[in-house]
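Undergrad: Here you go, this is start39.cif (mmCIF, C-alpha atoms and all ligand atoms).
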```
data_structure
loop_
_atom_site.label_atom_id
_atom_site.label_comp_id
_atom_site.auth_asym_id
_atom_site.auth_seq_id
_atom_site.Cartn_x
_atom_site.Cartn_y
_atom_site.Cartn_z
CA MET N 21 1.37 16.55 10.47
CA THR N 22 1.83 16.65 6.71
CA GLN N 23 -0.58 18.94 4.94
CA VAL N 24 -1.81 18.20 1.45
CA PRO N 25 -1.16 21.19 -0.89
CA PRO N 26 -4.14 23.59 -1.10
CA SER N 27 -6.77 22.99 -3.81
CA PRO N 28 -7.66 25.69 -6.36
CA PRO N 29 -10.25 28.20 -5.07
CA GLY N 30 -13.86 27.05 -5.41
CA SER N 31 -13.09 23.34 -5.41
CA THR N 32 -14.11 21.00 -2.61
CA ARG N 33 -11.31 19.01 -1.12
CA PRO N 34 -11.97 15.29 -0.80
CA ALA N 35 -12.39 14.10 2.78
CA LEU N 36 -10.70 10.83 1.98
CA VAL N 37 -8.13 9.94 -0.68
CA LEU N 38 -6.60 6.61 -1.60
CA LYS N 39 -3.91 6.97 -4.24
CA ASP N 40 -2.46 3.82 -5.80
CA VAL N 41 -2.83 1.93 -2.53
CA THR N 42 -1.60 -1.66 -2.57
CA LYS N 43 -1.64 -4.20 0.26
CA ARG N 44 -0.23 -7.71 -0.03
CA TYR N 45 -0.47 -10.64 2.36
CA GLY N 46 2.33 -12.93 1.22
CA GLY N 47 1.40 -13.83 -2.37
CA VAL N 48 -2.17 -12.45 -2.09
CA VAL N 49 -2.77 -8.92 -3.39
CA ALA N 50 -5.70 -7.93 -1.16
CA ALA N 51 -5.78 -4.33 -2.47
CA CYS N 52 -4.25 -3.51 -5.82
CA ALA N 53 -3.36 0.10 -6.75
CA LEU N 54 -6.66 1.43 -5.37
CA ARG N 55 -7.61 4.95 -6.42
CA LEU N 56 -10.61 6.42 -4.67
CA GLU N 57 -11.76 9.76 -3.31
CA ALA N 58 -14.74 10.60 -1.11
CA GLU N 59 -16.19 14.11 -1.05
CA PRO N 60 -17.05 15.65 2.33
CA GLY N 61 -20.36 14.17 3.50
CA GLU N 62 -20.35 11.50 0.82
CA LEU N 63 -21.48 7.98 1.67
CA LEU N 64 -19.59 5.27 -0.23
CA THR N 65 -20.67 1.65 -0.18
CA LEU N 66 -18.05 -1.03 -0.88
CA ILE N 67 -19.32 -4.28 -2.34
CA GLY N 68 -17.88 -7.35 -4.02
CA PRO N 69 -17.56 -11.10 -3.54
CA SER N 70 -16.08 -12.48 -0.34
CA GLY N 71 -12.30 -12.06 -0.32
CA CYS N 72 -12.25 -9.20 -2.89
CA GLY N 73 -10.58 -6.76 -0.48
CA LYS N 74 -13.44 -4.73 1.04
CA SER N 75 -12.40 -5.14 4.67
CA THR N 76 -8.75 -4.69 3.80
CA THR N 77 -9.61 -1.34 2.19
CA LEU N 78 -11.49 -0.24 5.30
CA ARG N 79 -8.69 -1.45 7.58
CA LEU N 80 -6.12 0.45 5.53
CA VAL N 81 -8.10 3.68 5.95
CA ALA N 82 -8.60 2.98 9.66
CA GLY N 83 -4.88 2.39 10.17
CA LEU N 84 -5.35 -1.24 11.23
CA GLU N 85 -3.21 -2.24 8.22
CA ARG N 86 -0.26 -0.53 6.63
CA PRO N 87 -0.15 -0.18 2.81
CA ASP N 88 2.83 -1.63 0.95
CA GLU N 89 2.53 1.15 -1.60
CA GLY N 90 0.50 4.31 -2.15
CA THR N 91 -0.83 7.21 -0.13
CA ILE N 92 -3.87 7.60 2.12
CA CYS N 93 -5.09 11.07 3.13
CA ILE N 94 -7.85 11.84 5.62
CA ALA N 95 -9.12 15.42 5.98
CA ASP N 96 -6.10 16.96 4.28
CA GLU N 97 -3.58 14.97 6.23
CA VAL N 98 -1.34 12.24 4.83
CA VAL N 99 -1.92 9.37 7.27
CA ALA N 100 -0.01 6.69 5.40
CA ASP N 101 2.58 6.66 2.68
CA ARG N 102 6.18 5.57 2.29
CA ARG N 103 7.35 8.11 4.90
CA HIS N 104 4.32 8.84 7.09
CA TRP N 105 2.30 6.72 9.46
CA GLN N 106 -0.52 7.80 11.73
CA PRO N 107 -1.78 5.10 14.13
CA PRO N 108 -5.56 4.48 14.25
CA GLU N 109 -6.16 6.60 17.37
CA ARG N 110 -4.74 9.69 15.63
CA ARG N 111 -6.65 9.30 12.37
CA ARG N 112 -9.96 11.00 13.17
CA VAL N 113 -11.98 8.01 11.95
CA GLY N 114 -14.89 6.38 13.76
CA LEU N 115 -15.37 2.64 13.41
CA VAL N 116 -18.59 0.62 13.51
CA PHE N 117 -18.37 -3.16 13.27
CA GLN N 118 -21.11 -5.78 13.02
CA ASP N 119 -20.57 -7.01 16.58
CA HIS N 120 -20.94 -3.41 17.95
CA ALA N 121 -17.96 -4.02 20.31
CA LEU N 122 -19.58 -2.09 23.17
CA PHE N 123 -18.06 -2.34 26.66
CA PRO N 124 -20.49 -4.61 28.56
CA HIS N 125 -19.64 -3.16 31.99
CA LEU N 126 -20.26 0.49 30.95
CA THR N 127 -23.60 2.25 30.54
CA VAL N 128 -24.66 3.62 27.17
CA ALA N 129 -23.55 7.14 28.18
CA LYS N 130 -20.16 5.89 29.41
CA ASN N 131 -19.63 3.80 26.29
CA ILE N 132 -20.13 6.95 24.23
CA ALA N 133 -18.00 9.12 26.52
CA PHE N 134 -15.12 6.63 26.29
CA GLY N 135 -13.42 8.27 23.31
CA LEU N 136 -13.93 11.80 24.66
CA ASP N 137 -11.47 11.64 27.58
CA LYS N 138 -9.58 14.69 26.34
CA LEU N 139 -12.64 16.94 26.62
CA PRO N 140 -13.41 18.83 29.86
CA ARG N 141 -16.10 17.07 31.88
CA ALA N 142 -18.98 19.46 31.09
CA GLU N 143 -18.23 19.49 27.39
CA ARG N 144 -17.98 15.71 27.38
CA SER N 145 -21.42 15.22 28.89
CA ARG N 146 -22.88 17.85 26.53
CA ARG N 147 -21.48 15.98 23.52
CA VAL N 148 -22.74 12.62 24.84
CA GLY N 149 -26.23 14.16 25.17
CA GLU N 150 -25.97 15.59 21.67
CA VAL N 151 -25.13 12.29 19.95
CA LEU N 152 -27.64 10.36 22.09
CA ASP N 153 -30.31 12.77 20.82
CA MET N 154 -29.04 12.27 17.28
CA VAL N 155 -29.61 8.50 17.53
CA ARG N 156 -32.79 9.04 19.61
CA LEU N 157 -31.54 7.08 22.62
CA GLY N 158 -31.48 9.83 25.26
CA HIS N 159 -33.95 7.86 27.40
CA LEU N 160 -31.62 4.84 27.54
CA ALA N 161 -28.42 6.65 28.63
CA SER N 162 -28.04 4.71 31.87
CA ARG N 163 -28.82 1.24 30.50
CA TYR N 164 -26.13 -1.41 29.97
CA PRO N 165 -25.56 -2.96 26.50
CA HIS N 166 -27.20 -6.28 27.46
CA GLU N 167 -30.38 -4.35 28.30
CA LEU N 168 -30.68 -3.08 24.70
CA SER N 169 -32.06 -4.62 21.50
CA GLY N 170 -29.70 -5.36 18.59
CA GLY N 171 -30.87 -2.26 16.76
CA GLU N 172 -30.34 -0.05 19.85
CA GLN N 173 -26.84 -1.46 20.37
CA GLN N 174 -26.06 -0.63 16.77
CA ARG N 175 -27.22 2.96 17.33
CA VAL N 176 -25.02 3.24 20.44
CA ALA N 177 -22.05 2.00 18.39
CA LEU N 178 -22.82 4.66 15.79
CA ALA N 179 -23.19 7.36 18.45
CA ARG N 180 -19.83 6.33 19.96
CA ALA N 181 -18.18 6.51 16.53
CA LEU N 182 -19.65 9.98 15.86
CA ALA N 183 -19.01 11.47 19.30
CA PRO N 184 -15.42 12.68 18.67
CA LYS N 185 -16.60 14.39 15.42
CA PRO N 186 -14.51 12.19 13.15
CA ALA N 187 -13.53 13.18 9.62
CA ALA N 188 -14.93 9.85 8.40
CA VAL N 189 -16.93 6.94 9.76
CA LEU N 190 -16.05 3.43 8.55
CA LEU N 191 -18.72 0.76 8.88
CA ASP N 192 -17.91 -2.93 8.28
CA GLU N 193 -21.09 -4.96 7.57
CA PRO N 194 -22.83 -3.04 10.38
CA PHE N 195 -26.28 -4.58 9.87
CA SER N 196 -25.44 -8.21 9.16
CA ASN N 197 -26.20 -9.38 12.71
CA LEU N 198 -29.71 -7.94 12.60
CA ASP N 199 -32.69 -9.90 11.36
CA ASP N 200 -34.27 -8.89 8.04
CA ASN N 201 -37.14 -6.73 9.34
CA LEU N 202 -34.97 -4.83 11.76
CA ARG N 203 -32.14 -4.39 9.27
CA THR N 204 -34.14 -2.19 6.88
CA LYS N 205 -35.23 0.09 9.73
CA VAL N 206 -31.78 0.31 11.40
CA ARG N 207 -30.19 0.94 8.01
CA ALA N 208 -32.54 3.84 7.27
CA ASP N 209 -31.95 5.28 10.78
CA THR N 210 -28.17 4.97 10.39
CA VAL N 211 -28.15 6.72 7.04
CA ALA N 212 -30.36 9.50 8.44
CA VAL N 213 -27.96 10.02 11.36
CA LEU N 214 -24.89 10.04 9.09
CA ARG N 215 -26.62 12.58 6.82
CA GLU N 216 -27.60 14.76 9.79
CA ALA N 217 -24.04 14.66 11.10
CA GLY N 218 -22.75 15.43 7.57
CA THR N 219 -20.04 12.83 8.05
CA THR N 220 -18.14 11.20 5.21
CA ALA N 221 -18.67 7.46 5.46
CA MET N 222 -17.49 4.23 3.90
CA LEU N 223 -19.70 1.20 4.44
CA VAL N 224 -18.77 -2.38 3.55
CA THR N 225 -21.65 -4.66 2.61
CA HIS N 226 -22.24 -7.92 0.76
CA ASP N 227 -25.87 -6.99 0.08
CA GLN N 228 -26.54 -5.51 -3.39
CA THR N 229 -29.75 -3.78 -2.34
CA GLU N 230 -28.00 -2.21 0.62
CA ALA N 231 -25.13 -0.97 -1.58
CA LEU N 232 -27.57 0.62 -4.02
CA THR N 233 -29.99 2.13 -1.50
CA VAL N 234 -27.44 3.55 0.94
CA GLY N 235 -24.56 4.76 -1.24
CA ASP N 236 -24.13 8.12 -2.92
CA ARG N 237 -21.60 6.09 -4.85
CA VAL N 238 -21.14 2.35 -5.01
CA VAL N 239 -17.60 0.94 -5.22
CA VAL N 240 -17.66 -2.53 -6.79
CA MET N 241 -14.51 -4.51 -6.04
CA ARG N 242 -13.15 -7.75 -7.49
CA ASP N 243 -9.83 -9.48 -6.78
CA GLY N 244 -8.42 -6.48 -4.91
CA GLU N 245 -9.30 -4.01 -7.65
CA ILE N 246 -12.06 -1.44 -8.14
CA GLU N 247 -14.18 -2.49 -11.15
CA GLN N 248 -16.47 0.55 -10.99
CA ALA N 249 -17.04 3.43 -8.56
CA ASP N 250 -20.16 5.24 -9.62
CA THR N 251 -23.65 6.37 -8.64
CA PRO N 252 -26.07 3.52 -7.84
CA GLU N 253 -28.02 4.30 -11.03
CA ARG N 254 -24.95 4.07 -13.25
CA VAL N 255 -23.64 0.91 -11.57
CA PHE N 256 -27.01 -0.79 -12.15
CA GLU N 257 -28.03 0.74 -15.49
CA SER N 258 -24.63 1.26 -17.11
CA PRO N 259 -22.32 -1.38 -15.62
CA ALA N 260 -18.73 -0.91 -16.76
CA THR N 261 -17.97 -4.62 -17.06
CA ARG N 262 -19.60 -8.02 -17.45
CA PHE N 263 -18.71 -8.74 -13.83
CA VAL N 264 -20.47 -5.61 -12.49
CA ALA N 265 -23.52 -6.37 -14.67
CA SER N 266 -23.88 -9.87 -13.24
CA PHE N 267 -22.84 -9.08 -9.66
CA MET N 268 -25.15 -6.08 -9.15
CA GLY N 269 -28.57 -7.63 -9.78
CA GLU N 270 -29.70 -10.34 -12.17
CA ALA N 271 -28.39 -10.12 -15.73
CA ASP N 272 -28.52 -12.37 -18.77
CA PHE N 273 -26.33 -12.03 -21.84
CA LEU N 274 -27.26 -12.63 -25.48
CA PRO N 275 -24.94 -12.47 -28.49
CA ALA N 276 -26.02 -9.68 -30.86
CA ARG N 277 -24.84 -8.25 -34.17
CA VAL N 278 -25.06 -4.81 -35.75
CA ARG N 279 -26.93 -4.65 -39.06
CA ASN N 280 -27.83 -1.33 -40.71
CA ALA N 281 -27.44 0.61 -37.42
CA LEU N 282 -29.80 -1.83 -35.66
CA LEU N 283 -28.65 -4.21 -32.98
CA THR N 284 -30.25 -7.57 -33.62
CA CYS N 285 -30.16 -10.76 -31.59
CA GLU N 286 -32.19 -13.95 -31.27
CA ILE N 287 -35.20 -12.09 -29.86
CA GLY N 288 -35.16 -9.45 -32.63
CA VAL N 289 -34.05 -5.83 -32.75
CA VAL N 290 -32.78 -4.74 -29.35
CA SER N 291 -31.95 -1.09 -30.03
CA THR N 292 -30.69 1.34 -32.62
CA VAL N 293 -26.95 1.86 -32.63
CA PRO N 294 -26.30 4.98 -34.70
CA GLY N 295 -22.73 5.25 -35.90
CA TRP N 296 -22.05 1.52 -35.71
CA THR N 297 -21.14 -0.16 -38.99
CA THR N 298 -22.64 -3.50 -39.93
CA GLY N 299 -20.84 -6.59 -38.68
CA TRP N 300 -19.93 -5.76 -35.08
CA ASP N 301 -20.52 -8.64 -32.66
CA VAL N 302 -21.40 -7.73 -29.08
CA ASP N 303 -23.15 -9.24 -26.09
CA VAL N 304 -26.28 -7.47 -24.94
CA VAL N 305 -27.00 -7.32 -21.20
CA LEU N 306 -30.66 -7.87 -20.37
CA ARG N 307 -32.08 -7.55 -16.87
CA PRO N 308 -35.35 -9.32 -16.00
CA HIS N 309 -37.29 -6.03 -15.73
CA GLU N 310 -36.22 -5.21 -19.30
CA VAL N 311 -37.62 -8.41 -20.81
CA ALA N 312 -41.26 -8.67 -21.94
CA LEU N 313 -43.16 -11.93 -22.59
CA ALA N 314 -46.21 -12.71 -24.72
CA VAL N 315 -47.85 -16.11 -25.09
CA ASP N 316 -47.30 -17.32 -28.66
CA PRO N 317 -48.05 -20.91 -29.70
CA ASP N 318 -45.70 -20.52 -32.70
CA SER N 319 -42.64 -19.57 -30.64
CA ALA N 320 -39.75 -21.93 -29.95
CA ALA N 321 -39.07 -20.23 -26.59
CA ARG N 322 -40.52 -21.96 -23.52
CA VAL N 323 -41.08 -20.97 -19.90
CA VAL N 324 -38.93 -23.37 -17.82
CA ALA N 325 -39.26 -21.94 -14.31
CA VAL N 326 -41.69 -19.68 -12.43
CA GLU N 327 -40.70 -18.17 -9.09
CA TYR N 328 -43.26 -16.28 -7.01
CA HIS N 329 -41.65 -13.33 -5.16
CA GLY N 330 -44.83 -11.66 -3.88
CA ALA N 331 -45.10 -8.37 -5.76
CA PHE N 332 -43.46 -9.87 -8.88
CA VAL N 333 -43.10 -13.27 -10.48
CA LEU N 334 -39.78 -14.27 -12.05
CA HIS N 335 -40.15 -16.28 -15.25
CA THR N 336 -37.17 -18.11 -16.73
CA VAL N 337 -37.37 -18.73 -20.48
CA VAL N 338 -35.18 -20.92 -22.68
CA LEU N 339 -34.91 -19.63 -26.25
CA GLY N 340 -34.70 -21.82 -29.37
CA SER N 341 -30.89 -21.58 -29.29
CA GLY N 342 -30.76 -22.82 -25.69
CA SER N 343 -29.89 -19.37 -24.23
CA THR N 344 -31.74 -18.39 -21.07
CA LEU N 345 -33.46 -15.08 -20.26
CA ARG N 346 -35.32 -14.06 -17.13
CA SER N 347 -38.35 -11.76 -16.99
CA TRP N 348 -40.12 -10.07 -14.07
CA GLN N 349 -43.87 -10.25 -14.55
CA PRO N 350 -46.45 -8.42 -12.44
CA HIS N 351 -47.89 -10.16 -9.39
CA ALA N 352 -50.99 -11.55 -11.16
CA VAL N 353 -49.20 -12.94 -14.25
CA ARG N 354 -48.09 -16.56 -14.10
CA HIS N 355 -47.31 -18.42 -17.31
CA PRO N 356 -47.16 -22.13 -16.49
CA ILE N 357 -43.97 -24.09 -17.17
CA GLY N 358 -43.90 -25.19 -20.81
CA THR N 359 -45.84 -22.14 -22.13
CA PRO N 360 -44.50 -21.04 -25.55
CA VAL N 361 -43.71 -17.30 -25.41
CA THR N 362 -42.34 -14.56 -27.61
CA VAL N 363 -39.63 -12.59 -25.83
CA SER N 364 -38.85 -8.93 -26.52
CA VAL N 365 -37.13 -5.96 -24.96
CA VAL N 366 -39.37 -3.56 -23.05
CA PRO N 367 -39.77 -0.33 -25.13
CA GLY N 368 -37.53 2.58 -24.16
CA ILE N 369 -34.67 0.47 -22.83
CA THR N 370 -31.12 1.08 -23.99
CA PRO N 371 -29.35 -2.07 -22.88
CA THR N 372 -25.66 -2.24 -22.03
CA LEU N 373 -23.45 -3.69 -24.75
CA LEU N 374 -20.27 -5.63 -24.08
CA ILE N 375 -17.33 -6.39 -26.28
CA GLY N 376 -15.46 -9.12 -24.47
CA ASP N 377 -15.95 -8.27 -20.78
CA THR N 378 -16.03 -4.48 -21.16
CA ALA N 379 -19.08 -2.27 -21.71
CA VAL N 380 -18.99 -0.08 -24.82
CA THR N 381 -21.16 2.86 -25.79
CA ALA N 382 -19.59 3.56 -29.16
CA PRO N 383 -18.12 1.32 -31.82
CA PRO N 384 -14.43 0.64 -31.24
CA LEU N 385 -12.13 2.70 -33.49
P1 LIG X 1 -13.48 -9.10 1.91
O1 LIG X 1 -13.64 -8.14 3.04
O2 LIG X 1 -13.87 -8.51 0.59
O3 LIG X 1 -14.18 -10.41 2.14
P2 LIG X 1 -10.72 -9.17 2.73
O4 LIG X 1 -10.27 -7.76 2.59
O5 LIG X 1 -11.03 -9.66 4.11
O6 LIG X 1 -11.94 -9.46 1.75
O7 LIG X 1 -9.59 -10.14 2.14
C1 LIG X 1 -8.97 -9.91 0.88
C2 LIG X 1 -7.94 -11.02 0.65
O8 LIG X 1 -6.86 -10.86 1.57
C3 LIG X 1 -8.46 -12.42 0.85
O9 LIG X 1 -7.83 -13.28 -0.08
C4 LIG X 1 -8.05 -12.76 2.27
O10 LIG X 1 -7.88 -14.16 2.43
C5 LIG X 1 -6.72 -12.02 2.37
N1 LIG X 1 -6.44 -11.58 3.76
C6 LIG X 1 -7.15 -10.68 4.48
N2 LIG X 1 -6.59 -10.47 5.69
C7 LIG X 1 -5.49 -11.27 5.74
C8 LIG X 1 -4.47 -11.53 6.74
N3 LIG X 1 -4.48 -10.89 7.90
N4 LIG X 1 -3.52 -12.41 6.43
C9 LIG X 1 -3.49 -13.05 5.23
N5 LIG X 1 -4.40 -12.85 4.26
C10 LIG X 1 -5.39 -11.98 4.49
#
```
If you took the structure in this file and wrote it as structure tokens, what would it be?
Ligand code: ADP

TA:
Amino acid sequence: MTQVPPSPPGSTRPALVLKDVTKRYGGVVAACALRLEAEPGELLTLIGPSGCGKSTTLRLVAGLERPDEGTICIADEVVADRRHWQPPERRRVGLVFQDHALFPHLTVAKNIAFGLDKLPRAERSRRVGEVLDMVRLGHLASRYPHELSGGEQQRVALARALAPKPAAVLLDEPFSNLDDNLRTKVRADTVAVLREAGTTAMLVTHDQTEALTVGDRVVVMRDGEIEQADTPERVFESPATRFVASFMGEADFLPARVRNALLTCEIGVVSTVPGWTTGWDVDVVLRPHEVALAVDPDSAARVVAVEYHGAFVLHTVVLGSGSTLRSWQPHAVRHPIGTPVTVSVVPGITPTLLIGDTAVTAPPL
């Protein structure tokens, strides 16, 4: 086993490290120089369009794929680099997939005990009891997988992954086979169990809400690269790129220009930009909850679509220039299609500014 050099006193060592990890399949670069660390107990969500490299990243950590370049460390051990290779069964990672992959001919208890064959018998059954309690399935220990609901099977899969006390749990779209109502509940239960176990986890999802609600940090991937790895709040409120802004929630973009330290666009002054000199051209990112509407017969802007979502109503507005903005309105507000409206930015918002495809917070030098 190759130990990673000790960290300075007082620092926490990451549970998981990917350093410049690249994986190619023929001409396709599925993972490109990935750099990522997870702190002990941290829950990372990986999200991005289909084919962006999420599963490849998970498979590289699990040892189901071998990197072409770079280093992967799990719990202070180098598990893959140019000279080292630990197979999956020696990596101390637990895996949870969407199809649960439980053994149909084994009871719940035996499914969970499967990975504990090195433990003495008494200790094994104690640990099985412990994780069954953790997922609140003690009463179903002697059932077979086909006698369980989808949500219960998912909890057994999680219990099996946690039983050997892994350094990290990797979950690949674990809730996508569950119907909508069940998914929210199973997701909350899973997160609670992972938190209770204190396990570092990496969860792949294609669902933006899931990525934001579950992750301590959200890793947004595109074309094999990490676009942004940040807290859910920062990914949503301060996206690093145009792609992250539009992929993580609804976003519209309006050209804007700096004049006398004010950022002005078609709908008026958007924000103050102290320190910016007159003349800079940027794009301002506006999310529907940041856009206010007021009926105004003199306005050139018109409501062109109204979508009822229950608690909120999404209004789409075309401005005089032809640009489109969307606005969430409260449940009871419904401006009919064709209504002339004045559009403004909700007070207190500091919208993201882009130059080209990159977010900027200060004027370029
Ligand atoms: P995601 O999980 O984000 O949908 P993947 O990691 O599965 O994406 O795939 C990333 C890219 O690598 C895609 O272009 C995919 O076609 C390619 N890829 C994945 N696995 C293989 C494989 N075993 N052989 C060839 N190409 C692959």

Undergrad: Please write out the residues within 8 Å of ligand LIG 1 (chain X) as a PyMOL selection string, counting all atoms listed in the file.

TA: chain N and resi 44-46+48-51+67-77+224+241+243-244

Undergrad: Env of N:Thr233: 10 Å cut, atoms = all atoms listed in the file, seq-sep filter 6 positions within chain, self excluded. Answer as a ChimeraX atom specification.

TA: /N:65,207-208,211,252-253

Undergrad: What's the separation between atom CA of N:Arg103 and atom CA of N:Glu59, in Å to one decimal place?

TA: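 Distance reported for this atom pair: 25.0 Å.
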
Undergrad: Using all atoms listed in the file for the distances, tell me which of N:Val302, N:Pro308, N:Pro317, N:His335 is nearest to N:Asp377.

TA: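 Going through N:Val302, N:Pro308, N:Pro317, N:His335 one by one, the smallest distance to N:Asp377 is for N:Val302.
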
Undergrad: In Å to one decimal, how far is atom CA of N:Asp250 from atom CA of N:Ser266?

TA: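 We find that atom CA of N:Ser266 and atom CA of N:Asp250 lie 16.0 Å from each other.
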
Undergrad: Would you work out the distance separating atom CA of N:Val176 from atom CA of N:Pro124, expressed in Å to one decimal?

TA: 12.2 Å
